[in-house]
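Colleague: Here you go, upload-v4.txt (compact mmCIF, C-alpha atoms and all ligand atoms):
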# COMPACT_ATOMS: atom_id res chain seq x y z
CA MET A 190 105.93 102.26 54.58
CA LYS A 191 106.36 104.93 57.20
CA ILE A 192 108.29 104.75 60.47
CA THR A 193 107.47 107.39 63.06
CA ILE A 194 109.37 107.84 66.30
CA HIS A 195 106.71 109.72 68.24
CA ARG A 196 108.81 109.91 71.34
CA GLY A 197 112.12 108.61 72.67
CA ALA A 198 114.65 109.92 70.14
CA ASN A 199 115.77 112.68 72.46
CA GLN A 200 114.98 111.28 75.88
CA ILE A 201 115.40 108.06 77.76
CA GLY A 202 111.98 106.53 78.17
CA GLY A 203 108.50 107.36 76.94
CA CYS A 204 109.18 105.18 73.90
CA ILE A 205 106.58 105.12 71.13
CA THR A 206 107.53 103.80 67.69
CA GLU A 207 105.00 103.44 64.87
CA ILE A 208 105.37 101.37 61.72
CA ALA A 209 102.61 101.81 59.17
CA THR A 210 101.80 100.74 55.62
CA GLU A 211 98.76 101.45 53.45
CA GLU A 212 97.03 98.44 55.00
CA ALA A 213 98.23 98.08 58.58
CA LYS A 214 99.69 99.93 61.51
CA VAL A 215 101.61 98.64 64.53
CA PHE A 216 103.40 100.21 67.46
CA ILE A 217 106.45 98.99 69.30
CA ASP A 218 106.09 100.11 72.94
CA PHE A 219 103.83 102.80 74.32
CA GLY A 220 105.67 104.03 77.39
CA CYS A 221 105.43 106.78 79.99
CA ASN A 222 107.96 109.51 80.47
CA LEU A 223 110.36 108.49 83.22
CA PRO A 224 109.58 109.73 86.74
CA GLY A 225 111.21 113.12 87.21
CA SER A 226 110.59 114.12 83.57
CA LYS A 227 109.41 117.69 83.25
CA LYS A 228 107.47 116.89 80.09
CA GLU A 229 103.73 116.58 80.33
CA GLU A 230 102.37 113.07 79.90
CA LEU A 231 100.02 112.23 77.05
CA THR A 232 96.31 112.32 77.88
CA ALA A 233 93.88 109.54 76.94
CA LYS A 234 92.65 111.74 74.07
CA GLU A 235 96.19 112.22 72.73
CA VAL A 236 96.89 108.50 72.97
CA ASP A 237 93.73 107.88 70.97
CA GLU A 238 94.82 110.41 68.34
CA ILE A 239 98.18 108.64 67.92
CA ALA A 240 97.10 105.02 68.21
CA GLY A 241 93.32 105.03 67.61
CA ASP A 242 93.59 103.43 64.15
CA ALA A 243 96.38 100.98 65.04
CA ASP A 244 96.00 97.23 64.58
CA ALA A 245 98.39 96.05 67.28
CA ILE A 246 100.87 97.18 69.92
CA PHE A 247 103.92 95.04 70.81
CA TYR A 248 105.66 95.66 74.12
CA SER A 249 109.36 94.87 74.40
CA HIS A 250 109.28 94.55 78.23
CA TYR A 251 107.46 95.65 81.38
CA HIS A 252 109.40 98.79 82.33
CA GLY A 253 107.03 101.75 82.62
CA ASP A 254 108.94 103.78 80.03
CA HIS A 255 107.91 101.12 77.45
CA VAL A 256 104.50 99.95 78.62
CA GLY A 257 103.23 102.67 80.97
CA LEU A 258 100.36 103.94 78.79
CA HIS A 259 98.94 100.51 77.96
CA HIS A 260 95.73 101.16 79.88
CA LEU A 261 94.89 104.15 77.66
CA ILE A 262 95.03 102.13 74.44
CA PRO A 263 91.52 101.66 72.99
CA VAL A 264 90.09 98.21 73.81
CA ARG A 265 89.68 97.15 70.16
CA ILE A 266 93.46 97.22 69.57
CA ALA A 267 95.38 93.98 70.21
CA GLN A 268 98.21 94.39 72.73
CA TYR A 269 100.99 91.78 72.81
CA MET A 270 103.64 91.05 75.43
CA GLY A 271 105.69 88.12 76.77
CA ALA A 272 103.66 85.83 79.06
CA GLY A 273 106.10 86.21 81.97
CA ALA A 274 106.15 89.98 81.55
CA ILE A 275 102.34 90.03 81.71
CA ASP A 276 102.49 88.12 85.01
CA ILE A 277 105.01 90.61 86.44
CA MET A 278 102.73 93.48 85.37
CA ARG A 279 99.90 91.77 87.26
CA CYS A 280 102.05 91.41 90.43
CA LYS A 281 103.07 95.06 90.24
CA TYR A 282 99.60 96.52 89.69
CA ASP A 283 97.97 94.15 92.22
CA ALA A 284 100.40 95.52 94.82
CA LEU A 285 99.86 99.16 93.77
CA ASN A 286 96.10 98.61 93.72
CA THR A 287 96.09 98.07 97.49
CA HIS A 288 97.00 101.77 97.95
CA GLN A 289 95.36 103.40 94.94
CA ASP A 290 92.86 102.47 92.25
CA PHE A 291 94.69 100.73 89.39
CA SER A 292 91.70 98.74 88.15
CA GLN A 293 91.95 100.27 84.66
CA GLN A 294 95.51 98.91 84.33
CA LEU A 295 94.52 95.51 85.74
CA THR A 296 91.63 95.21 83.29
CA ALA A 297 93.94 96.12 80.38
CA ILE A 298 96.50 93.53 81.56
CA LYS A 299 93.82 90.82 81.47
CA ARG A 300 93.33 91.53 77.77
CA MET A 301 97.04 91.36 76.87
CA ILE A 302 97.91 88.63 74.39
CA PRO A 303 101.08 86.66 75.20
CA PHE A 304 103.51 86.09 72.34
CA LYS A 305 106.12 83.37 72.11
CA GLU A 306 109.76 83.86 71.31
CA ARG A 307 110.50 83.45 67.56
CA GLU A 308 106.82 83.03 66.71
CA ARG A 309 106.02 85.30 63.76
CA ILE A 310 102.79 87.25 64.24
CA ALA A 311 100.97 88.41 61.11
CA VAL A 312 99.12 91.69 61.40
CA LYS A 313 96.48 91.82 58.64
CA ASN A 314 98.81 89.60 56.65
CA ASN A 315 100.77 92.73 55.85
CA ILE A 316 103.13 93.49 58.74
CA PHE A 317 104.93 90.53 60.36
CA VAL A 318 106.45 90.87 63.83
CA THR A 319 108.78 88.31 65.43
CA PRO A 320 110.03 88.65 69.04
CA PHE A 321 113.54 87.47 70.04
CA PHE A 322 114.71 87.20 73.64
CA VAL A 323 117.19 89.79 74.91
CA SER A 324 118.99 90.21 78.24
CA HIS A 325 117.95 93.36 80.09
CA SER A 326 117.36 94.47 83.68
CA ALA A 327 113.75 93.41 83.10
CA PHE A 328 112.89 89.75 82.79
CA ASP A 329 111.15 88.37 79.65
CA ALA A 330 112.41 91.21 77.40
CA TYR A 331 112.47 91.09 73.60
CA MET A 332 113.71 92.78 70.48
CA PHE A 333 111.52 92.62 67.38
CA LEU A 334 112.10 91.85 63.73
CA ILE A 335 109.43 93.64 61.71
CA GLU A 336 108.92 92.64 58.09
CA CYS A 337 106.75 94.61 55.71
CA ASP A 338 106.75 96.00 52.16
CA GLY A 339 109.72 93.77 51.40
CA LYS A 340 111.83 95.47 54.07
CA ARG A 341 113.26 94.17 57.35
CA ILE A 342 113.46 96.35 60.46
CA LEU A 343 115.12 95.39 63.75
CA HIS A 344 113.86 97.21 66.86
CA THR A 345 116.17 96.32 69.74
CA GLY A 346 114.05 97.49 72.71
CA ASP A 347 116.28 97.79 75.80
CA PHE A 348 119.07 95.24 75.88
CA ARG A 349 122.61 94.48 76.99
CA ARG A 350 125.33 91.90 76.61
CA HIS A 351 126.79 91.89 80.14
CA GLY A 352 123.80 90.19 81.85
CA TYR A 353 123.80 86.45 82.63
CA LEU A 354 122.08 85.56 79.35
CA GLY A 355 123.65 88.33 77.27
CA LYS A 356 126.02 85.94 75.53
CA GLY A 357 123.08 84.72 73.46
CA LEU A 358 122.72 88.11 71.75
CA PHE A 359 125.09 87.76 68.81
CA PRO A 360 124.32 84.09 68.09
CA THR A 361 120.61 85.05 67.94
CA LEU A 362 121.35 87.88 65.52
CA GLU A 363 123.48 85.65 63.37
CA LYS A 364 121.22 82.63 63.35
CA PHE A 365 117.76 84.18 63.12
CA ILE A 366 118.04 87.78 61.99
CA GLY A 367 121.02 88.35 59.70
CA LYS A 368 121.07 91.57 57.68
CA VAL A 369 118.35 94.19 57.98
CA ASP A 370 117.33 97.36 56.14
CA ILE A 371 116.69 99.54 59.16
CA LEU A 372 118.01 99.27 62.71
CA ILE A 373 116.09 101.05 65.46
CA THR A 374 118.35 100.82 68.49
CA GLU A 375 118.42 102.02 72.08
CA GLY A 376 121.33 104.32 72.95
CA THR A 377 121.07 104.83 76.73
CA MET A 378 124.79 104.45 77.36
CA LEU A 379 125.80 106.94 74.63
CA GLY A 380 125.39 109.68 77.24
CA ARG A 381 126.85 107.62 80.10
CA SER A 382 129.92 106.21 78.41
CA GLN A 383 132.11 107.01 81.43
CA GLU A 384 129.99 104.61 83.51
CA GLN A 385 131.89 101.45 84.30
CA VAL A 386 130.29 98.23 83.07
CA VAL A 387 130.50 95.49 85.68
CA THR A 388 129.16 92.05 84.85
CA GLU A 389 126.34 90.55 86.91
CA HIS A 390 128.70 87.73 87.80
CA GLN A 391 131.16 90.21 89.30
CA ILE A 392 128.32 91.73 91.35
CA GLN A 393 127.58 88.25 92.69
CA LEU A 394 131.23 87.78 93.73
CA ASN A 395 131.31 91.22 95.37
CA THR A 396 128.11 90.40 97.27
CA ILE A 397 129.58 87.14 98.55
CA GLN A 398 132.46 89.14 99.97
CA ALA A 399 130.08 91.67 101.54
CA LEU A 400 128.00 88.93 103.17
CA ARG A 401 131.11 87.36 104.66
CA GLU A 402 131.95 90.68 106.29
CA HIS A 403 128.50 91.89 107.32
CA LYS A 404 125.64 90.06 108.97
CA TYR A 405 122.75 92.39 108.06
CA VAL A 406 122.62 93.73 104.52
CA PHE A 407 119.74 95.64 102.93
CA ALA A 408 119.99 95.78 99.14
CA LEU A 409 118.21 98.71 97.53
CA CYS A 410 117.41 97.45 94.04
CA SER A 411 114.64 97.01 91.50
CA SER A 412 112.15 94.35 92.63
CA THR A 413 111.79 93.08 89.05
CA ASP A 414 115.44 92.88 87.96
CA ILE A 415 115.88 89.13 87.60
CA ASP A 416 119.67 89.17 87.14
CA ARG A 417 120.37 91.33 90.16
CA LEU A 418 118.08 89.31 92.41
CA ALA A 419 119.68 86.13 91.07
CA SER A 420 123.11 87.51 92.00
CA PHE A 421 121.97 88.26 95.56
CA HIS A 422 120.13 84.95 95.91
CA ALA A 423 123.20 83.02 94.76
CA ALA A 424 125.46 85.00 97.11
CA CYS A 425 123.17 84.11 100.04
CA LYS A 426 123.26 80.42 99.09
CA LYS A 427 127.04 80.46 98.98
CA THR A 428 127.48 82.22 102.33
CA GLY A 429 124.62 80.65 104.32
CA ARG A 430 122.91 84.02 104.81
CA LEU A 431 119.14 84.17 104.46
CA PHE A 432 117.65 85.71 101.33
CA LEU A 433 114.91 87.58 103.12
CA VAL A 434 111.89 88.89 101.17
CA ASP A 435 108.40 90.24 101.71
CA ALA A 436 105.26 88.73 100.17
CA TYR A 437 105.31 90.94 97.05
CA GLN A 438 108.95 90.18 96.28
CA ARG A 439 108.23 86.49 96.80
CA ARG A 440 105.43 86.59 94.24
CA VAL A 441 107.75 88.22 91.69
CA LEU A 442 110.47 85.61 92.37
CA ASP A 443 107.93 82.82 91.88
CA VAL A 444 107.12 84.20 88.42
CA PHE A 445 110.85 84.29 87.60
CA SER A 446 111.29 80.69 88.75
CA GLU A 447 108.25 79.52 86.80
CA TYR A 448 109.33 81.00 83.47
CA SER A 449 113.13 81.05 83.70
CA GLY A 450 114.03 78.34 86.20
CA SER A 451 114.57 75.96 83.31
CA LYS A 452 116.88 78.38 81.44
CA SER A 453 119.41 78.54 84.27
CA SER A 454 119.59 77.26 87.85
CA LEU A 455 120.44 80.86 88.80
CA TYR A 456 116.81 81.75 88.19
CA LYS A 457 115.42 79.04 90.47
CA PHE A 458 114.65 81.07 93.55
CA ASP A 459 114.39 78.09 95.88
CA ASN A 460 116.25 79.36 98.92
CA VAL A 461 114.07 82.23 100.02
CA PHE A 462 112.94 83.19 103.52
CA GLU A 463 109.63 85.01 103.30
CA LEU A 464 108.29 87.40 105.90
CA ARG A 465 104.64 86.45 105.56
CA ASP A 466 103.16 89.15 107.74
CA HIS A 467 103.81 92.74 108.45
CA LYS A 468 106.51 92.93 111.12
CA SER A 469 106.78 89.15 111.54
CA TYR A 470 110.53 89.68 111.99
CA ARG A 471 109.55 90.91 115.48
CA ILE A 472 108.21 87.46 116.48
CA GLU A 473 110.82 86.17 118.90
CA LYS A 474 111.48 82.84 117.21
CA ILE A 475 111.93 84.53 113.83
CA THR A 476 114.02 87.37 115.26
CA ASN A 477 116.40 84.88 116.83
CA TYR A 478 116.67 82.84 113.65
CA LEU A 479 117.45 85.94 111.56
CA ARG A 480 119.99 87.10 114.17
CA ASP A 481 121.64 83.74 114.11
CA LYS A 482 121.91 83.41 110.33
CA GLY A 483 122.21 87.00 109.13
CA PHE A 484 120.50 88.09 105.94
CA LEU A 485 120.42 90.03 102.72
CA MET A 486 117.06 91.65 102.16
CA PRO A 487 116.16 93.25 98.82
CA VAL A 488 114.30 96.49 99.57
CA ARG A 489 112.62 99.14 97.43
CA MET A 490 112.42 102.92 97.30
CA ASN A 491 109.25 102.86 99.44
CA SER A 492 110.73 100.59 102.15
CA LEU A 493 112.01 103.42 104.37
CA TRP A 494 109.71 102.73 107.37
CA LEU A 495 110.46 99.00 107.21
CA ILE A 496 114.22 99.52 107.22
CA GLU A 497 113.95 102.08 110.02
CA ASP A 498 112.12 99.54 112.15
CA MET A 499 114.31 96.58 111.25
CA VAL A 500 117.56 98.31 112.14
CA GLN A 501 116.11 98.81 115.64
CA VAL A 502 115.49 95.07 115.97
CA PHE A 503 118.72 93.86 114.37
CA ASN A 504 121.13 96.04 116.29
CA ASP A 505 123.74 93.59 117.62
CA GLU A 506 125.85 94.39 114.54
CA ALA A 507 125.79 97.47 112.34
CA PRO A 508 123.59 96.94 109.25
CA TRP A 509 124.91 97.88 105.80
CA LEU A 510 123.20 99.20 102.70
CA LEU A 511 124.07 97.73 99.37
CA TYR A 512 123.05 100.44 96.91
CA SER A 513 122.25 98.62 93.70
CA MET A 514 120.60 101.28 91.56
CA TRP A 515 121.55 104.05 89.18
CA SER A 516 123.45 106.85 90.99
CA GLY A 517 121.11 109.52 89.52
CA TYR A 518 118.41 108.72 92.11
CA ALA A 519 120.78 109.47 94.97
CA GLU A 520 122.13 112.78 93.66
CA GLY A 521 120.42 115.45 95.75
CA GLY A 522 119.25 118.39 93.64
CA GLY A 523 119.52 116.41 90.39
CA ASP A 524 116.57 115.96 87.98
CA ASN A 525 116.14 112.30 88.95
CA ALA A 526 116.84 112.67 92.69
CA ASN A 527 114.49 110.54 94.78
CA GLU A 528 113.70 111.65 98.32
CA ASN A 529 113.13 108.11 99.59
CA VAL A 530 116.43 106.90 98.18
CA ILE A 531 118.25 109.79 99.81
CA ALA A 532 116.48 109.16 103.17
CA ILE A 533 117.31 105.44 103.07
CA ARG A 534 120.95 106.14 102.33
CA HIS A 535 121.00 108.63 105.19
CA LEU A 536 120.02 105.85 107.64
CA PHE A 537 123.26 104.01 106.89
CA GLU A 538 125.63 106.99 106.96
CA ASN A 539 128.99 105.65 105.76
CA ARG A 540 127.95 101.99 105.76
CA ILE A 541 127.05 101.94 102.08
CA LEU A 542 128.43 99.65 99.39
CA ASP A 543 127.87 102.06 96.62
CA GLY A 544 126.53 101.20 93.17
CA VAL A 545 128.73 101.14 90.10
CA LYS A 546 131.58 102.74 92.05
CA ASP A 547 131.95 99.76 94.42
CA GLY A 548 130.85 97.09 91.95
CA PHE A 549 127.27 96.55 93.15
CA HIS A 550 125.36 97.94 90.21
CA THR A 551 125.62 97.71 86.46
CA SER A 552 123.52 99.18 83.71
CA GLY A 553 120.64 97.29 82.12
CA HIS A 554 121.74 98.75 78.79
CA ALA A 555 124.27 97.91 76.13
CA ASP A 556 127.63 99.66 76.35
CA VAL A 557 128.84 101.70 73.40
CA ALA A 558 131.06 98.91 72.06
CA THR A 559 128.07 96.53 71.94
CA LEU A 560 125.93 99.14 70.17
CA SER A 561 128.60 99.45 67.52
CA GLU A 562 128.94 95.67 67.14
CA ILE A 563 125.19 95.28 66.73
CA CYS A 564 125.24 97.75 63.88
CA GLN A 565 128.06 95.80 62.24
CA ALA A 566 126.30 92.50 62.76
CA VAL A 567 123.02 93.48 61.10
CA SER A 568 124.59 96.08 58.73
CA PRO A 569 121.41 98.08 58.03
CA SER A 570 121.30 98.82 54.29
CA ILE A 571 119.14 101.96 54.64
CA GLY A 572 120.19 103.27 58.03
CA THR A 573 119.91 103.42 61.80
CA ILE A 574 117.43 105.27 63.98
CA PRO A 575 118.82 105.72 67.51
CA ILE A 576 116.21 106.10 70.28
CA HIS A 577 116.12 105.92 74.11
CA LYS A 578 119.03 108.32 74.50
CA ASP A 579 119.74 111.61 76.22
CA VAL A 580 119.49 114.95 74.44
CA GLY A 581 122.84 115.63 72.85
CA ALA A 582 124.02 112.02 73.08
CA ASN A 583 125.11 111.31 69.54
CA TYR A 584 124.99 108.00 67.77
CA LYS A 585 127.72 107.78 65.18
CA SER A 586 128.31 105.06 62.65
CA ARG A 587 130.97 104.70 60.00
CA THR A 588 128.97 102.18 58.04
CA SER A 589 125.34 103.16 58.42
CA ARG A 590 123.39 106.34 57.68
CA VAL A 591 121.94 107.74 60.92
CA PHE A 592 118.46 109.25 61.07
CA ASP A 593 118.32 111.80 63.87
CA GLU A 594 115.52 114.31 64.32
CA GLY A 595 113.65 115.29 61.14
CA PHE A 596 111.73 113.92 58.17
CA PHE A 597 113.40 111.67 55.60
CA LYS A 598 112.28 109.90 52.45
CA THR A 599 114.54 107.18 51.14
CA ASP A 600 114.30 103.79 49.39
CA GLY A 601 110.51 103.93 49.44
CA ILE A 602 110.37 104.51 53.21
CA GLU A 603 109.34 107.65 55.03
CA ILE A 604 110.99 108.22 58.38
CA GLU A 605 109.82 110.82 60.86
CA VAL A 606 111.80 111.29 64.05
CA HIS A 607 110.54 113.62 66.81
ZN ZN B 1 113.74 101.89 78.80
ZN ZN B 2 113.97 98.85 80.29
Would you put the structure from the file into structure tokens?

Modeller:
Amino acid sequence: MKITIHRGANQIGGCITEIATEEAKVFIDFGCNLPGSKKEELTAKEVDEIAGDADAIFYSHYHGDHVGLHHLIPVRIAQYMGAGAIDIMRCKYDALNTHQDFSQQLTAIKRMIPFKERERIAVKNNIFVTPFFVSHSAFDAYMFLIECDGKRILHTGDFRRHGYLGKGLFPTLEKFIGKVDILITEGTMLGRSQEQVVTEHQIQLNTIQALREHKYVFALCSSTDIDRLASFHAACKKTGRLFLVDAYQRRVLDVFSEYSGSKSSLYKFDNVFELRDHKSYRIEKITNYLRDKGFLMPVRMNSLWLIEDMVQVFNDEAPWLLYSMWSGYAEGGGDNANENVIAIRHLFENRILDGVKDGFHTSGHADVATLSEICQAVSPSIGTIPIHKDVGANYKSRTSRVFDEGFFKTDGIEIEVH
């Protein structure tokens, strides 16, 4: 058996992991480099060179750094993903397709095969892949147990313990996974260990407080982060403010409710005020209603013009921005700085409830203590391959051998880490 980390060992995002035997070959994730990356993206020809002879691709979740190159995968190769994640992909690309041609992505999404949690998928009766639910800032995210050549590999995908459903992590490991031979784990927080880890529940409490103090709140956040949106939705319910969304956000919330509403009442988005049409907040009856109730509106990086217009209409009290994203986007001059984010923040001057600092954002990724506990829980007999981490962010383990960059041959397995 050979494990190849094509990409992702020395960068966050662009994840491509290959597991191959004499008879079969699968990939876990086939992602894009993150926006702002200076590395050139793979071409269709290069994707074909890497994955052309694969039997199947399994996607851990719908973030672009894990699934972004799916449309370049040759048609004959089976691509698997969670059913809810496929629906979110469809929402996202349908929306993007109104501005630019994304028909290639939409066609590829139609061919995606949904998998079910804990259902073992046999690839050529040689490699067996089983998805297990994990909590992440994406909804319908999974880690994978891969069994082949008598060995067991756990690929964590992106995950965390401090989300609403994160408490299920260790019981799942204990009950269904147990010990493994190789652990392939994300290590995002290894390079951000100074970042405070707030729970989603704490963010909900902080938002309740903010909504009591301020009538108009715009929350800059990811439109597909189920936990964060659940926190805001719950805070609106508890304070009587409107949870105000546009048609795209509504469609995403409906997918969340459909798939996860039964897991927790938090994920039943049943108290939503939708702005059906462009600028319908300017219709007098609606304007008055929104002025009377006050609102929290989740907005996105490309919502600048909308916010600019809305703050003109809702001007009887000063509007506030709840910045609920990673601080890197807002750092002018930084590699990940985003012009739109900076412009939106500028609109609110000093009326910003700011990210991790003020308790309105938390990472989608496991903190260092959780990474270490995972390693203890599955105690990989051969070793650990850390991926999805910054250059120079080191994964250390007292109990497990660590495979960083290079080529290794051990216990009948070849490991190649780029
Ligand atoms: Zn990722
Ligand atoms: Zn992710």

Colleague: Please, which residues have at least one atom within 8 Å of an atom of ligand ZN 1 (chain B), using all atoms listed in the file, listed as an mmCIF file with C-alpha atoms, in the coordinates of the input?

Modeller:
data_model
loop_
_atom_site.group_PDB
_atom_site.id
_atom_site.type_symbol
_atom_site.label_atom_id
_atom_site.label_comp_id
_atom_site.auth_asym_id
_atom_site.auth_seq_id
_atom_site.Cartn_x
_atom_site.Cartn_y
_atom_site.Cartn_z
ATOM 1 C CA ILE A 201 115.400 108.060 77.760
ATOM 2 C CA GLY A 202 111.980 106.530 78.170
ATOM 3 C CA GLY A 203 108.500 107.360 76.940
ATOM 4 C CA CYS A 204 109.180 105.180 73.900
ATOM 5 C CA HIS A 252 109.400 98.790 82.330
ATOM 6 C CA GLY A 253 107.030 101.750 82.620
ATOM 7 C CA ASP A 254 108.940 103.780 80.030
ATOM 8 C CA HIS A 255 107.910 101.120 77.450
ATOM 9 C CA GLY A 346 114.050 97.490 72.710
ATOM 10 C CA ASP A 347 116.280 97.790 75.800
ATOM 11 C CA HIS A 577 116.120 105.920 74.110
#

Colleague: Got a sec: who's within 10 Å of Met190 of chain A, counting all atoms listed in the file, leaving out chain neighbours fewer than 3 positions off, as a list of chain:residue names?

Modeller: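 Listing them by chain and then by number gives A:Ile208, A:Ala209, A:Thr210, A:Glu211, A:Glu212, A:Ala213, A:Lys214, A:Cys337, A:Asp338, A:Gly339, A:Lys340, A:Asp600, A:Gly601, A:Ile602, A:Glu603, A:Ile604.
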
Colleague: Can you spit out the residues from that selection as a PDB file, in the frame of the given file, using C-alpha atoms?

Modeller:
ATOM      1  CA  ILE A 208     105.370 101.370  61.720  1.00  0.00           C
ATOM      2  CA  ALA A 209     102.610 101.810  59.170  1.00  0.00           C
ATOM      3  CA  THR A 210     101.800 100.740  55.620  1.00  0.00           C
ATOM      4  CA  GLU A 211      98.760 101.450  53.450  1.00  0.00           C
ATOM      5  CA  GLU A 212      97.030  98.440  55.000  1.00  0.00           C
ATOM      6  CA  ALA A 213      98.230  98.080  58.580  1.00  0.00           C
ATOM      7  CA  LYS A 214      99.690  99.930  61.510  1.00  0.00           C
ATOM      8  CA  CYS A 337     106.750  94.610  55.710  1.00  0.00           C
ATOM      9  CA  ASP A 338     106.750  96.000  52.160  1.00  0.00           C
ATOM     10  CA  GLY A 339     109.720  93.770  51.400  1.00  0.00           C
ATOM     11  CA  LYS A 340     111.830  95.470  54.070  1.00  0.00           C
ATOM     12  CA  ASP A 600     114.300 103.790  49.390  1.00  0.00           C
ATOM     13  CA  GLY A 601     110.510 103.930  49.440  1.00  0.00           C
ATOM     14  CA  ILE A 602     110.370 104.510  53.210  1.00  0.00           C
ATOM     15  CA  GLU A 603     109.340 107.650  55.030  1.00  0.00           C
ATOM     16  CA  ILE A 604     110.990 108.220  58.380  1.00  0.00           C
TER      17      ILE A 604
END

Colleague: Report the distance between atom CA of Arg430 of chain A and atom CA of Phe445 of chain A in Å, rounded to one decimal place.

Modeller: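 Taking atom CA of Arg430 of chain A as the start and atom CA of Phe445 of chain A as the end point, the length is 21.0 Å.
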
Colleague: Which residues are near ligand ZN 2 (chain B) - at most 12 Å, using all atoms listed in the file? Format: as a ChimeraX atom specification.

Modeller: /A:201-204,218,220-221,223,248-257,274,323-332,345-349,375-377,411,413-414,552-555,577

Colleague: Please list as a list in words every residue within 7 Å of segment 472-489 of chain A, counting only C-alpha atoms and excluding residues in the same chain fewer than 2 positions away.

Modeller: Lys404, Tyr405, Val406, Phe407, Ala408, Leu409, Cys410, Ser411, Ser412, Arg430, Leu431, Phe432, Leu433, Val434, Ser469, Tyr470, Asn491, Ser492 and Phe503 of chain A

Colleague: Atom CA of Asp547 of chain A to atom CA of Asn504 of chain A: how many Å, to one decimal?

Modeller: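 If I compute the distance from atom CA of Asp547 of chain A to atom CA of Asn504 of chain A, I get 24.7 Å.
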
Colleague: From the list A:Tyr584, A:Met490, A:Glu506, A:Tyr282, which residue is nearest Asn527 of chain A when using all atoms listed in the file?

Modeller: A:Met490

Colleague: What separation in Å, quoted to one decimal, exists between atom CA of Lys598 of chain A and atom CA of Ile217 of chain A?

Modeller: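 Value for the atom CA of Lys598 of chain A-atom CA of Ile217 of chain A distance: 20.9 Å.
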